[in-house]
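Text of the file run.txt, holding compact mmCIF, C-alpha atoms:
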```txt
# COMPACT_ATOMS: atom_id res chain seq x y z
CA MET A 1 317.60 218.45 162.65
CA LEU A 2 315.66 215.21 162.29
CA GLY A 3 316.08 212.64 159.58
CA ARG A 4 314.11 209.57 158.68
CA SER A 5 314.96 205.89 158.81
CA LEU A 6 312.44 203.41 157.49
CA ALA A 7 312.53 199.61 157.73
CA PRO A 8 315.95 198.26 156.81
CA ALA A 9 314.74 197.01 153.41
CA LEU A 10 313.65 200.53 152.42
CA ALA A 11 315.78 203.54 151.55
CA GLY A 12 316.23 206.20 154.19
CA MET A 13 318.63 208.80 155.59
CA LEU A 14 319.79 209.03 159.19
CA TRP A 15 321.17 212.19 160.70
CA LEU A 16 323.45 213.03 163.58
CA VAL A 17 322.64 216.43 164.99
CA LEU A 18 325.75 218.36 166.01
CA ALA A 19 324.95 220.13 169.24
CA GLY A 20 327.01 221.91 171.82
CA ASN A 21 328.02 225.07 169.97
CA ALA A 22 328.96 227.82 172.42
CA GLN A 23 328.41 231.43 171.46
CA ALA A 24 331.17 233.89 172.33
CA THR A 25 330.66 236.00 175.43
CA VAL A 26 330.65 239.63 174.27
CA ARG A 27 332.51 241.94 176.65
CA PHE A 28 334.28 245.29 176.18
CA ASP A 29 336.31 247.49 178.50
CA GLN A 30 335.48 251.18 178.04
CA GLN A 31 338.33 253.72 178.09
CA THR A 32 338.61 257.40 177.27
CA LEU A 33 340.31 258.29 174.00
CA ARG A 34 342.00 261.68 174.33
CA LEU A 35 341.09 263.12 170.97
CA ASP A 36 339.37 266.42 170.26
CA TYR A 37 335.77 266.48 171.35
CA SER A 38 333.26 265.70 168.66
CA PRO A 39 331.64 266.63 166.28
CA TYR A 40 335.04 266.06 164.70
CA PRO A 41 335.06 262.70 162.90
CA VAL A 42 337.62 259.99 163.69
CA VAL A 43 339.97 258.91 160.89
CA LEU A 44 341.82 255.58 161.29
CA ALA A 45 345.09 254.47 159.66
CA ASP A 46 348.57 253.18 160.49
CA LEU A 47 350.39 256.50 160.24
CA ASP A 48 353.73 255.49 161.81
CA ARG A 49 354.17 252.07 160.11
CA ASP A 50 354.27 250.04 163.33
CA GLY A 51 351.36 247.77 162.37
CA ALA A 52 348.91 249.40 164.81
CA THR A 53 345.96 251.50 163.66
CA ASP A 54 346.21 255.11 164.84
CA ALA A 55 343.38 257.63 165.31
CA LEU A 56 343.05 261.25 164.24
CA SER A 57 340.28 263.70 165.10
CA GLY A 58 340.19 267.48 164.98
CA ASN A 59 343.77 268.62 165.52
CA LYS A 60 344.67 265.66 167.76
CA LEU A 61 346.59 262.60 166.57
CA ALA A 62 346.67 259.55 168.88
CA LEU A 63 349.26 256.90 168.01
CA ARG A 64 348.43 253.39 169.21
CA MET A 65 351.13 251.51 171.10
CA GLY A 66 351.88 247.79 171.01
CA ASP A 67 349.91 247.29 174.25
CA GLY A 68 346.78 248.75 172.64
CA SER A 69 346.87 252.11 174.41
CA PHE A 70 346.58 255.46 172.61
CA ASP A 71 348.98 257.24 174.96
CA ARG A 72 350.97 259.27 172.44
CA VAL A 73 348.64 262.20 171.67
CA THR A 74 349.99 265.17 169.74
CA ASP A 75 348.74 268.28 167.94
CA TRP A 76 349.16 267.62 164.24
CA ARG A 77 348.06 270.91 162.71
CA ALA A 78 347.21 274.38 163.92
CA ASP A 79 343.57 274.52 162.89
CA TYR A 80 340.81 271.98 163.31
CA VAL A 81 339.73 269.49 160.69
CA ASP A 82 336.07 270.36 161.04
CA GLY A 83 334.89 268.39 158.04
CA THR A 84 335.21 264.70 157.23
CA GLY A 85 338.30 262.68 156.44
CA VAL A 86 339.77 259.47 155.00
CA ALA A 87 343.29 258.04 154.89
CA TYR A 88 345.17 256.10 152.19
CA ASP A 89 348.40 256.24 150.19
CA GLY A 90 347.44 258.97 147.75
CA ASP A 91 350.75 259.36 145.93
CA GLU A 92 351.78 255.66 146.00
CA ASP A 93 354.99 256.28 147.96
CA GLY A 94 354.17 253.62 150.56
CA LEU A 95 353.15 256.19 153.20
CA ILE A 96 349.61 256.93 154.38
CA ASP A 97 348.23 260.38 153.63
CA VAL A 98 345.15 262.02 155.18
CA PHE A 99 342.46 263.72 153.10
CA SER A 100 340.06 266.20 154.69
CA ALA A 101 337.01 267.91 153.17
CA THR A 102 335.76 271.28 154.44
CA THR A 103 333.53 273.98 152.98
CA ASN A 104 335.50 277.15 152.29
CA SER A 105 332.99 279.85 153.17
CA THR A 106 335.19 282.62 151.74
CA ALA A 107 335.78 281.04 148.35
CA GLY A 108 332.38 279.37 148.29
CA ASN A 109 333.54 275.88 147.41
CA CYS A 110 334.32 272.49 148.94
CA ASP A 111 338.04 272.09 149.61
CA VAL A 112 339.58 268.60 149.76
CA THR A 113 343.05 268.84 151.28
CA ARG A 114 345.72 266.12 151.21
CA PHE A 115 348.16 266.00 154.11
CA LYS A 116 351.22 264.05 152.98
CA GLY A 117 352.28 261.49 155.57
CA ASN A 118 355.94 261.08 156.51
CA GLY A 119 355.61 257.56 157.91
CA TYR A 120 356.50 258.61 161.46
CA GLY A 121 353.11 259.78 162.64
CA GLY A 122 353.42 263.24 161.14
CA PHE A 123 352.90 265.14 157.89
CA ASP A 124 355.36 266.96 155.64
CA SER A 125 353.11 269.10 153.49
CA ALA A 126 349.54 269.86 152.48
CA GLY A 127 347.96 270.38 149.11
CA ALA A 128 344.40 271.44 148.34
CA TYR A 129 342.04 270.25 145.63
CA ALA A 130 339.03 272.49 144.93
CA GLY A 131 336.09 270.11 144.93
CA GLY A 132 333.92 271.05 141.99
CA GLY A 133 334.73 274.74 141.83
CA THR A 134 333.05 277.85 143.15
CA GLY A 135 329.46 277.48 144.30
CA TYR A 136 329.74 273.82 145.35
CA SER A 137 329.75 273.20 149.11
CA CYS A 138 330.55 269.93 150.87
CA ALA A 139 327.66 267.61 151.69
CA GLY A 140 327.51 264.09 153.06
CA THR A 141 330.81 262.54 154.15
CA LEU A 142 334.19 262.13 152.49
CA ILE A 143 334.69 258.44 151.62
CA LYS A 144 337.41 256.24 150.14
CA THR A 145 336.45 254.19 147.11
CA ASP A 146 337.73 252.52 143.93
CA TYR A 147 334.85 253.50 141.69
CA ASP A 148 336.71 253.07 138.40
CA GLY A 149 338.05 249.62 139.34
CA ASP A 150 341.75 250.36 138.72
CA GLY A 151 342.79 248.88 142.05
CA LYS A 152 343.80 252.28 143.47
CA PRO A 153 341.73 254.04 146.19
CA ALA A 154 340.55 257.60 145.73
CA TRP A 155 338.39 260.00 147.68
CA ALA A 156 334.80 260.87 146.82
CA ILE A 157 332.34 263.35 148.27
CA ILE A 158 328.85 264.69 147.57
CA LEU A 159 328.67 268.37 146.60
CA ARG A 160 325.76 270.79 146.88
CA ALA A 161 325.32 272.80 143.69
CA GLY A 162 324.80 276.35 144.90
CA SER A 163 321.26 277.38 145.81
CA ASP A 164 319.34 275.15 143.38
CA GLY A 165 319.21 272.26 145.86
CA HIS A 166 320.87 269.72 143.60
CA TYR A 167 323.74 267.45 144.54
CA LEU A 168 326.41 265.44 142.73
CA TRP A 169 329.07 262.90 143.51
CA PHE A 170 332.55 264.23 142.86
CA GLY A 171 336.05 262.72 143.02
CA PRO A 172 339.11 261.69 140.98
CA ASP A 173 337.53 258.36 139.99
CA ILE A 174 334.08 259.81 139.33
CA GLY A 175 334.43 263.27 137.84
CA GLY A 176 330.91 264.49 138.46
CA ARG A 177 327.80 262.34 138.73
CA ALA A 178 324.38 263.70 139.59
CA LEU A 179 322.65 262.55 142.76
CA ASN A 180 318.90 262.34 142.14
CA GLY A 181 316.51 264.44 144.21
CA THR A 182 316.94 267.57 146.30
CA ALA A 183 316.98 266.06 149.81
CA THR A 184 320.12 266.77 151.85
CA PRO A 185 322.71 263.95 152.01
CA THR A 186 323.60 263.11 155.60
CA ARG A 187 325.85 260.04 155.35
CA SER A 188 327.61 258.20 152.54
CA THR A 189 329.70 255.08 152.15
CA THR A 190 330.94 252.65 149.53
CA ALA A 191 330.62 248.88 149.10
CA ASP A 192 330.38 246.17 146.45
CA ARG A 193 326.61 245.69 146.24
CA ASN A 194 326.42 243.36 143.23
CA GLY A 195 329.53 241.21 143.66
CA ASP A 196 331.38 242.47 140.57
CA GLY A 197 334.48 243.45 142.53
CA ARG A 198 333.92 247.20 142.13
CA MET A 199 332.94 249.65 144.84
CA ASP A 200 329.51 251.21 144.48
CA LEU A 201 328.31 254.52 145.98
CA LEU A 202 325.67 254.75 148.71
CA ALA A 203 324.17 257.89 150.21
CA LEU A 204 321.58 258.41 152.95
CA THR A 205 319.43 261.51 152.48
CA SER A 206 317.20 263.54 154.80
CA ASP A 207 314.01 262.22 153.18
CA GLY A 208 314.71 258.70 154.47
CA LEU A 209 316.05 257.21 151.24
CA VAL A 210 319.24 255.38 150.35
CA HIS A 211 320.64 256.36 146.93
CA GLN A 212 322.68 253.66 145.21
CA ALA A 213 324.95 254.26 142.20
CA LEU A 214 326.56 251.09 140.86
CA ALA A 215 330.03 251.39 139.35
CA GLY A 216 329.82 251.21 135.57
CA SER A 217 326.10 252.02 135.50
CA THR A 218 324.51 255.32 134.51
CA THR A 219 321.35 254.71 136.53
CA GLU A 220 320.67 255.31 140.20
CA THR A 221 318.25 253.43 142.44
CA THR A 222 316.64 254.55 145.67
CA TYR A 223 315.00 252.59 148.48
CA ALA A 224 313.64 253.26 151.95
CA ALA A 225 315.97 253.37 154.93
CA ALA A 226 314.95 252.74 158.53
CA SER A 227 312.42 255.31 159.73
CA GLY A 228 314.23 258.48 160.81
CA ALA A 229 317.55 257.03 159.68
CA ALA A 230 320.64 258.66 161.21
CA ASP A 231 323.45 256.50 159.84
CA LEU A 232 324.26 253.72 157.36
CA ALA A 233 326.91 251.04 156.89
CA ALA A 234 327.46 248.34 154.29
CA GLY A 235 329.20 244.97 154.26
CA ASP A 236 328.76 241.32 153.29
CA LEU A 237 326.69 239.88 156.14
CA THR A 238 325.73 236.61 154.46
CA GLY A 239 328.97 235.53 152.81
CA ASP A 240 327.66 235.68 149.24
CA GLY A 241 330.12 238.35 148.09
CA LYS A 242 327.44 241.04 147.91
CA ALA A 243 327.22 243.78 150.53
CA GLU A 244 324.06 244.35 152.54
CA VAL A 245 323.08 247.92 153.49
CA VAL A 246 322.29 248.62 157.15
CA THR A 247 320.52 251.82 158.28
CA VAL A 248 319.71 252.80 161.86
CA GLY A 249 316.80 255.05 162.74
CA ARG A 250 314.54 256.32 165.51
CA ALA A 251 313.33 252.92 166.65
CA SER A 252 314.73 250.29 164.31
CA VAL A 253 317.62 248.93 162.27
CA ARG A 254 316.93 247.92 158.66
CA THR A 255 319.06 245.49 156.64
CA ARG A 256 318.61 245.34 152.87
CA ASN A 257 320.16 242.60 150.72
CA GLY A 258 321.11 242.64 147.06
CA ALA A 259 317.79 241.16 145.98
CA GLY A 260 315.84 243.99 147.62
CA GLY A 261 314.65 242.04 150.65
CA THR A 262 314.61 243.85 153.99
CA ILE A 263 314.78 242.75 157.61
CA ASP A 264 313.83 245.20 160.37
CA TRP A 265 314.97 244.93 163.98
CA SER A 266 313.23 247.05 166.59
CA ILE A 267 315.57 248.84 169.01
CA PRO A 268 314.14 248.26 172.51
CA GLY A 269 313.69 251.42 174.52
CA GLY A 270 315.85 253.81 172.55
CA GLY A 271 316.55 255.40 169.20
CA GLY A 272 319.49 254.52 166.96
CA SER A 273 322.24 257.07 166.35
CA ALA A 274 325.08 255.20 164.60
CA VAL A 275 325.93 251.81 163.10
CA ALA A 276 329.12 249.94 162.15
CA LEU A 277 330.01 246.43 161.03
CA GLY A 278 332.95 244.40 162.34
CA ASP A 279 333.94 240.87 163.37
CA VAL A 280 333.56 241.06 167.15
CA ASP A 281 333.81 237.35 168.03
CA GLY A 282 336.44 236.29 165.51
CA ASP A 283 334.33 233.82 163.53
CA GLY A 284 334.99 235.51 160.18
CA ARG A 285 331.51 237.07 159.94
CA LEU A 286 330.62 240.75 160.23
CA ASP A 287 328.67 241.54 163.38
CA MET A 288 326.39 244.54 163.90
CA ILE A 289 327.39 247.38 166.26
CA VAL A 290 324.68 249.96 166.99
CA GLY A 291 324.70 253.18 169.00
CA VAL A 292 321.45 254.04 170.78
CA SER A 293 320.14 256.83 172.97
CA ALA A 294 318.67 256.37 176.43
CA GLY A 295 315.27 254.76 176.81
CA SER A 296 313.17 252.63 179.11
CA VAL A 297 315.12 249.42 178.42
CA HIS A 298 318.56 251.02 178.22
CA PRO A 299 318.64 253.61 181.04
CA ALA A 300 321.90 255.08 179.72
CA ASP A 301 323.06 255.77 176.22
CA ALA A 302 324.61 252.59 174.94
CA VAL A 303 326.48 250.68 172.28
CA LEU A 304 324.83 247.36 171.39
CA VAL A 305 326.38 244.35 169.64
CA ARG A 306 324.49 241.66 167.72
CA LEU A 307 326.55 238.64 166.69
CA ASN A 308 326.19 237.34 163.13
CA GLN A 309 325.17 233.69 163.34
CA GLY A 310 325.20 233.16 159.56
CA ALA A 311 322.65 233.44 156.74
CA GLY A 312 321.57 236.88 157.94
CA VAL A 313 320.55 235.70 161.42
CA PHE A 314 321.77 237.75 164.40
CA SER A 315 321.86 237.14 168.15
CA ALA A 316 319.97 239.20 170.70
CA PRO A 317 321.64 242.58 171.36
CA VAL A 318 324.27 242.81 174.10
CA ARG A 319 325.00 246.19 175.74
CA VAL A 320 328.77 246.74 175.73
CA GLY A 321 329.27 250.42 176.54
CA ALA A 322 327.64 253.57 177.80
CA ALA A 323 328.34 257.12 176.67
CA GLU A 324 326.57 260.00 175.03
CA PRO A 325 324.69 258.82 171.93
CA PRO A 326 327.51 258.20 169.42
CA PHE A 327 327.19 259.90 166.05
CA GLN A 328 330.06 257.75 164.70
CA LEU A 329 331.16 254.19 165.41
CA ALA A 330 334.48 253.06 163.97
CA VAL A 331 335.96 249.56 164.16
CA VAL A 332 339.70 249.25 164.70
CA PRO A 333 341.88 246.12 164.97
CA GLY A 334 343.29 245.65 168.46
CA PRO A 335 346.79 244.41 169.36
CA THR A 336 345.55 240.84 169.93
CA GLY A 337 343.65 240.69 166.65
CA ARG A 338 340.28 241.44 168.21
CA THR A 339 338.02 244.14 166.79
CA ASP A 340 337.84 247.19 169.07
CA VAL A 341 335.33 250.02 168.67
CA ILE A 342 335.68 253.81 168.87
CA ALA A 343 332.49 255.68 169.73
CA ALA A 344 332.54 259.41 168.93
CA SER A 345 329.82 261.51 170.59
CA ASN A 346 328.95 265.20 170.54
CA GLY A 347 330.56 267.33 173.24
CA VAL A 348 332.46 264.59 175.09
CA ALA A 349 335.69 262.67 174.65
CA ALA A 350 335.52 259.66 172.36
CA ALA A 351 335.23 256.25 174.01
CA LEU A 352 337.54 253.36 173.15
CA LEU A 353 335.78 250.02 173.66
CA VAL A 354 338.50 247.37 174.04
CA ASN A 355 337.24 243.95 172.98
CA LEU A 356 337.59 241.33 175.74
CA SER A 357 335.13 238.86 174.25
CA THR A 358 335.85 235.22 175.09
CA ALA A 359 336.39 232.23 172.85
CA ALA A 360 333.69 230.18 171.20
CA GLY A 361 333.54 226.72 169.69
CA GLY A 362 331.37 225.23 166.99
CA PHE A 363 331.11 222.52 164.37
CA THR A 364 332.06 223.07 160.74
CA ALA A 365 328.76 221.50 159.60
CA ALA A 366 325.29 221.68 161.13
CA THR A 367 324.47 218.01 160.57
CA THR A 368 326.10 214.79 159.38
CA ALA A 369 324.14 212.30 157.31
CA PHE A 370 324.46 208.49 157.62
CA GLY A 371 323.25 205.93 155.10
CA THR A 372 320.66 203.29 155.96
CA VAL A 373 321.99 200.61 158.29
CA ALA A 374 320.12 197.51 159.45
CA PRO A 375 319.49 197.15 163.19
CA GLY A 376 322.35 195.33 164.87
CA GLN A 377 324.81 196.34 162.13
CA ALA A 378 327.30 199.23 162.12
CA GLY A 379 327.95 201.72 159.36
CA ALA A 380 331.25 203.26 158.33
CA PRO A 381 332.71 205.92 160.63
CA ARG A 382 332.02 209.55 159.66
CA LEU A 383 334.34 212.46 160.41
CA VAL A 384 332.96 215.32 162.50
CA THR A 385 335.11 218.46 162.86
CA PHE A 386 335.01 220.81 165.85
CA LYS A 387 336.45 224.34 165.43
CA ASN A 388 337.49 227.21 167.67
CA THR A 389 335.50 230.03 166.06
CA GLY A 390 336.56 232.62 168.63
CA GLN A 391 339.73 234.65 169.04
CA ASP A 392 341.01 233.28 172.35
CA VAL A 393 342.64 229.91 172.94
CA LEU A 394 340.00 227.21 173.56
CA ARG A 395 340.73 224.29 175.89
CA VAL A 396 338.69 221.17 175.21
CA ASP A 397 337.93 218.57 177.87
CA HIS A 398 336.20 215.81 175.87
CA ALA A 399 333.26 214.95 173.60
CA HIS A 400 330.30 212.69 174.29
CA LEU A 401 327.03 211.57 172.70
CA SER A 402 323.67 212.60 174.07
CA GLY A 403 319.99 212.46 173.13
CA LEU A 404 317.25 209.84 173.14
CA ASP A 405 318.94 207.78 170.40
CA ALA A 406 322.53 208.13 171.65
CA ASP A 407 322.72 204.34 172.04
CA SER A 408 322.38 204.00 168.24
CA PHE A 409 325.61 205.93 167.64
CA ARG A 410 329.18 205.25 168.74
CA LEU A 411 331.97 207.74 169.33
CA VAL A 412 334.78 205.81 167.65
CA SER A 413 337.55 208.31 168.39
CA ASP A 414 337.84 211.62 170.21
CA GLY A 415 340.66 213.66 168.73
CA CYS A 416 339.44 216.68 170.67
CA GLN A 417 340.07 215.26 174.15
CA GLY A 418 342.56 217.55 175.90
CA ALA A 419 343.06 219.63 172.75
CA VAL A 420 344.23 223.25 173.04
CA LEU A 421 342.91 225.09 169.97
CA LYS A 422 344.07 228.49 168.81
CA SER A 423 341.62 230.68 166.89
CA GLN A 424 340.23 228.85 163.81
CA GLN A 425 342.04 225.58 164.65
CA THR A 426 340.07 222.31 164.53
CA CYS A 427 340.07 218.83 166.05
CA PRO A 428 338.50 215.62 164.63
CA LEU A 429 335.83 213.30 165.99
CA SER A 430 334.80 209.98 164.45
CA VAL A 431 331.22 208.73 164.83
CA ARG A 432 329.66 205.48 163.66
CA PHE A 433 325.93 204.74 163.20
CA ALA A 434 324.91 201.40 164.77
CA PRO A 435 321.11 201.40 165.21
CA VAL A 436 319.63 199.17 167.87
CA SER A 437 316.20 199.25 166.20
CA ALA A 438 314.48 200.42 163.00
CA GLY A 439 313.16 203.95 162.67
CA ALA A 440 314.30 207.54 162.76
CA LYS A 441 317.39 208.07 164.90
CA THR A 442 318.73 211.37 166.14
CA ALA A 443 321.54 212.10 168.56
CA ALA A 444 323.89 214.94 169.41
CA VAL A 445 327.61 215.29 169.85
CA ARG A 446 328.48 217.61 172.71
CA VAL A 447 331.97 219.01 173.30
CA LEU A 448 332.92 220.27 176.75
CA HIS A 449 335.33 223.20 176.70
CA ASP A 450 336.22 226.34 178.65
CA ALA A 451 334.31 228.92 176.56
CA GLU A 452 331.36 230.54 178.22
CA GLY A 453 327.91 229.68 176.88
```

Could you render the structure as structure tokens?
Amino acid sequence: MLGRSLAPALAGMLWLVLAGNAQATVRFDQQTLRLDYSPYPVVLADLDRDGATDALSGNKLALRMGDGSFDRVTDWRADYVDGTGVAYDGDEDGLIDVFSATTNSTAGNCDVTRFKGNGYGGFDSAGAYAGGGTGYSCAGTLIKTDYDGDGKPAWAIILRAGSDGHYLWFGPDIGGRALNGTATPTRSTTADRNGDGRMDLLALTSDGLVHQALAGSTTETTYAAASGAADLAAGDLTGDGKAEVVTVGRASVRTRNGAGGTIDWSIPGGGGSAVALGDVDGDGRLDMIVGVSAGSVHPADAVLVRLNQGAGVFSAPVRVGAAEPPFQLAVVPGPTGRTDVIAASNGVAAALLVNLSTAAGGFTAATTAFGTVAPGQAGAPRLVTFKNTGQDVLRVDHAHLSGLDADSFRLVSDGCQGAVLKSQQTCPLSVRFAPVSAGAKTAAVRVLHDAEG
């Protein structure tokens, strides 16, 4: 960024451009996760209270070990969970329960069943809740939400009302709330769209619309998803406390913010099948994870990652895995604190993508401003802070000034020289402006370290 310096007698601002940020290198190791073959959805939760997130799909339960492996795989119930599921402490006993929603074809209703967790990776009992009564079948996906704002999670699902083609949200926090239109719901999720601290309801329908029901409001809004949308996710991508909605379709990904603005990203050479949001590079921002099918650019089915660079700007996509087109992407914390990804695809074993992304460094501010200083004089030192924004340890060699006007700035002290920074740790630099002539002056501080990029 350039600033302006006029003759010393006139007012002006001088800027030091902070350069040398290194973007994390995105890399994943793909492993096979021995769960039931899809289309059974993956449910994630710490079911044995060891601090690691476990995975459940179909009638298979995979407990994650301290080394990150899912080696303990057991049958957890006799019949398959062929619907959708969520996990949370439903009876407030400190143990995680699993809730599953399936359409009971005999009774003609949507059954939501709670499996009471025992805290050791198993379940003691099951209890069923008839979702909406006879004539209401399950539609969309079972989600976990706090729609009434009482601080306690509860399940929610969309029901189809018999043969009249109408749908409604249903759940302990909701009761029954009509979903406008007659198009079939395909995906649903929950997020705080307006920053009021309450979780709002979002549903993707077969006519290419996203339906949004804000908590505490009686109205519902709809807006266009990506063309041919197959999946949606929601999360705060810009840091303003309001969740953006991301939909993935045949050839593009669409992001919609709270003000109604949209940004479309074309998927090169393949159609989108799934989307998830998670912090891949450890910088505190949600990155975009997209499943795509094979095309001219991506010869195999793939999972792509785009790093969030702030203010809604994302890096170019990086291919991190290959499998059948995933219909579900789930983010799961790894043993080292990194965000791993589970990709569930139809007819094949789920893939576990273990995050091996490297460290990254950056400055806590994009620019530093200096007041006007007469040529031959020196201004007061300004503090510049360098930060390890990645998840691995970052080893710094030293800092130096560069650029055409580097001789008008002085590196007073280098508190980063030889520093070993853990994730999110910082080191200080001190820079003084000492112009050798009048006019605009711009320079860069560059920090040499062992991160790639």

Report task. Find the spatial neighbours of Ala215 of chain A, counting all atoms listed in the file, within a cut-off of 12 Å - ignore same-chain residues fewer than 3 positions away - and output them as a ChimeraX atom specification. Result -> /A:145-150,173-174,177,190-202,212,218-220

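Atom pair atom CA of Lys387 of chain A / atom CA of Ala234 of chain A: separated by 27.9 Å.
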
Query raised in the report: Which polymer residues have any atom within 10 Å of an atom of segment 266-276 of chain A, counting all atoms listed in the file, with same-chain residues fewer than 4 positions away left out, as a PyMOL selection string?
Result: chain A and resi 226+228-235+246-254+286-305+317+325-331+341+343-345

Write out the residues from the selection above, keeping C-alpha atoms, as a PDB file, in the frame of the given file.
```
ATOM      1  CA  ALA A 226     314.950 252.740 158.530  1.00  0.00           C
ATOM      2  CA  GLY A 228     314.230 258.480 160.810  1.00  0.00           C
ATOM      3  CA  ALA A 229     317.550 257.030 159.680  1.00  0.00           C
ATOM      4  CA  ALA A 230     320.640 258.660 161.210  1.00  0.00           C
ATOM      5  CA  ASP A 231     323.450 256.500 159.840  1.00  0.00           C
ATOM      6  CA  LEU A 232     324.260 253.720 157.360  1.00  0.00           C
ATOM      7  CA  ALA A 233     326.910 251.040 156.890  1.00  0.00           C
ATOM      8  CA  ALA A 234     327.460 248.340 154.290  1.00  0.00           C
ATOM      9  CA  GLY A 235     329.200 244.970 154.260  1.00  0.00           C
ATOM     10  CA  VAL A 246     322.290 248.620 157.150  1.00  0.00           C
ATOM     11  CA  THR A 247     320.520 251.820 158.280  1.00  0.00           C
ATOM     12  CA  VAL A 248     319.710 252.800 161.860  1.00  0.00           C
ATOM     13  CA  GLY A 249     316.800 255.050 162.740  1.00  0.00           C
ATOM     14  CA  ARG A 250     314.540 256.320 165.510  1.00  0.00           C
ATOM     15  CA  ALA A 251     313.330 252.920 166.650  1.00  0.00           C
ATOM     16  CA  SER A 252     314.730 250.290 164.310  1.00  0.00           C
ATOM     17  CA  VAL A 253     317.620 248.930 162.270  1.00  0.00           C
ATOM     18  CA  ARG A 254     316.930 247.920 158.660  1.00  0.00           C
ATOM     19  CA  LEU A 286     330.620 240.750 160.230  1.00  0.00           C
ATOM     20  CA  ASP A 287     328.670 241.540 163.380  1.00  0.00           C
ATOM     21  CA  MET A 288     326.390 244.540 163.900  1.00  0.00           C
ATOM     22  CA  ILE A 289     327.390 247.380 166.260  1.00  0.00           C
ATOM     23  CA  VAL A 290     324.680 249.960 166.990  1.00  0.00           C
ATOM     24  CA  GLY A 291     324.700 253.180 169.000  1.00  0.00           C
ATOM     25  CA  VAL A 292     321.450 254.040 170.780  1.00  0.00           C
ATOM     26  CA  SER A 293     320.140 256.830 172.970  1.00  0.00           C
ATOM     27  CA  ALA A 294     318.670 256.370 176.430  1.00  0.00           C
ATOM     28  CA  GLY A 295     315.270 254.760 176.810  1.00  0.00           C
ATOM     29  CA  SER A 296     313.170 252.630 179.110  1.00  0.00           C
ATOM     30  CA  VAL A 297     315.120 249.420 178.420  1.00  0.00           C
ATOM     31  CA  HIS A 298     318.560 251.020 178.220  1.00  0.00           C
ATOM     32  CA  PRO A 299     318.640 253.610 181.040  1.00  0.00           C
ATOM     33  CA  ALA A 300     321.900 255.080 179.720  1.00  0.00           C
ATOM     34  CA  ASP A 301     323.060 255.770 176.220  1.00  0.00           C
ATOM     35  CA  ALA A 302     324.610 252.590 174.940  1.00  0.00           C
ATOM     36  CA  VAL A 303     326.480 250.680 172.280  1.00  0.00           C
ATOM     37  CA  LEU A 304     324.830 247.360 171.390  1.00  0.00           C
ATOM     38  CA  VAL A 305     326.380 244.350 169.640  1.00  0.00           C
ATOM     39  CA  PRO A 317     321.640 242.580 171.360  1.00  0.00           C
ATOM     40  CA  PRO A 325     324.690 258.820 171.930  1.00  0.00           C
ATOM     41  CA  PRO A 326     327.510 258.200 169.420  1.00  0.00           C
ATOM     42  CA  PHE A 327     327.190 259.900 166.050  1.00  0.00           C
ATOM     43  CA  GLN A 328     330.060 257.750 164.700  1.00  0.00           C
ATOM     44  CA  LEU A 329     331.160 254.190 165.410  1.00  0.00           C
ATOM     45  CA  ALA A 330     334.480 253.060 163.970  1.00  0.00           C
ATOM     46  CA  VAL A 331     335.960 249.560 164.160  1.00  0.00           C
ATOM     47  CA  VAL A 341     335.330 250.020 168.670  1.00  0.00           C
ATOM     48  CA  ALA A 343     332.490 255.680 169.730  1.00  0.00           C
ATOM     49  CA  ALA A 344     332.540 259.410 168.930  1.00  0.00           C
ATOM     50  CA  SER A 345     329.820 261.510 170.590  1.00  0.00           C
TER      51      SER A 345
END
```

Report task. Would you list the contacts of Ala380 of chain A as a list in words, taking every protein, DNA or RNA residue within 9 Å and counting all atoms listed in the file, but skipping same-chain residues closer than 4 positions in sequence? Result ->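 Listing them by chain and then by number gives Phe370, Val431, Arg432 and Phe433 of chain A.
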
Query raised in the report: Pick from A:Ala139, A:Leu47, A:Gly122, A:Cys427: nearest to Gly94 of chain A, with only C-alpha atoms counted?
Result: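 Closest to Gly94 of chain A, using only C-alpha atoms: A:Leu47.
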
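Using only C-alpha atoms, the nearest neighbour of Gly135 of chain A within the list A:Arg160, A:Arg338, A:Arg256, A:Arg49 is A:Arg160.
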
Query raised in the report: So what do you get for atom CA of Leu353 of chain A versus atom CA of Gln30 of chain A, distance-wise?
Result: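 If I compute the distance from atom CA of Leu353 of chain A to atom CA of Gln30 of chain A, I get 4.5 Å.
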
Report task. Would you mind telling me which residue in A:Asp48, A:Asp75, A:Asp264, A:Asp414 lies nearest to His400 of chain A when using only C-alpha atoms? Result ->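 For His400 of chain A, the nearest of the given residues is A:Asp414.
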
**Report entry** From A:Ser430, A:Ala419, A:Asn308, A:Ala55, residue lying nearest Thr368 of chain A [all atoms listed in the file]
**Finding:**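 The shortest atom-to-atom distance to Thr368 of chain A comes from A:Ser430.
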
Query - Between atom CA of Thr205 of chain A and atom CA of Phe170 of chain A - distance in Å to one decimal - result: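 Between atom CA of Phe170 of chain A and atom CA of Thr205 of chain A the gap works out to 16.5 Å.
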
Query raised in the report: A:Asp397, A:Asp124, A:Asp71, A:Glu92: which is nearest Gly151 of chain A, counting all atoms listed in the file?
Result: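 Closest residue, counting all atoms listed in the file: A:Glu92.
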
Query raised in the report: Which polymer residues, protein or nucleic acid, are no farther than 6 Å from (322.8, 214.4, 173.4), counting all atoms listed in the file, as JSON, numbers by chain?
Result: {"A": [401, 402, 403, 443, 444]}

Query raised in the report: Given the choices A:Thr106, A:Thr238, A:Ser357, A:Thr262, which gets closest to Gly312 of chain A if the distance is worked out from all atoms listed in the file?
Result: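 The closest residue to Gly312 of chain A is A:Thr238.
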
From the block I gave, I'd like segment 411-415 of chain A written with C-alpha atoms, as a compact mmCIF listing (two decimals), in the first residue's frame.
```
# COMPACT_ATOMS: atom_id res chain seq x y z
CA LEU A 411 15.15 -1.65 11.54
CA VAL A 412 15.85 -0.53 15.11
CA SER A 413 15.42 -3.94 16.74
CA ASP A 414 14.66 -7.47 15.57
CA GLY A 415 12.93 -9.38 18.33
```
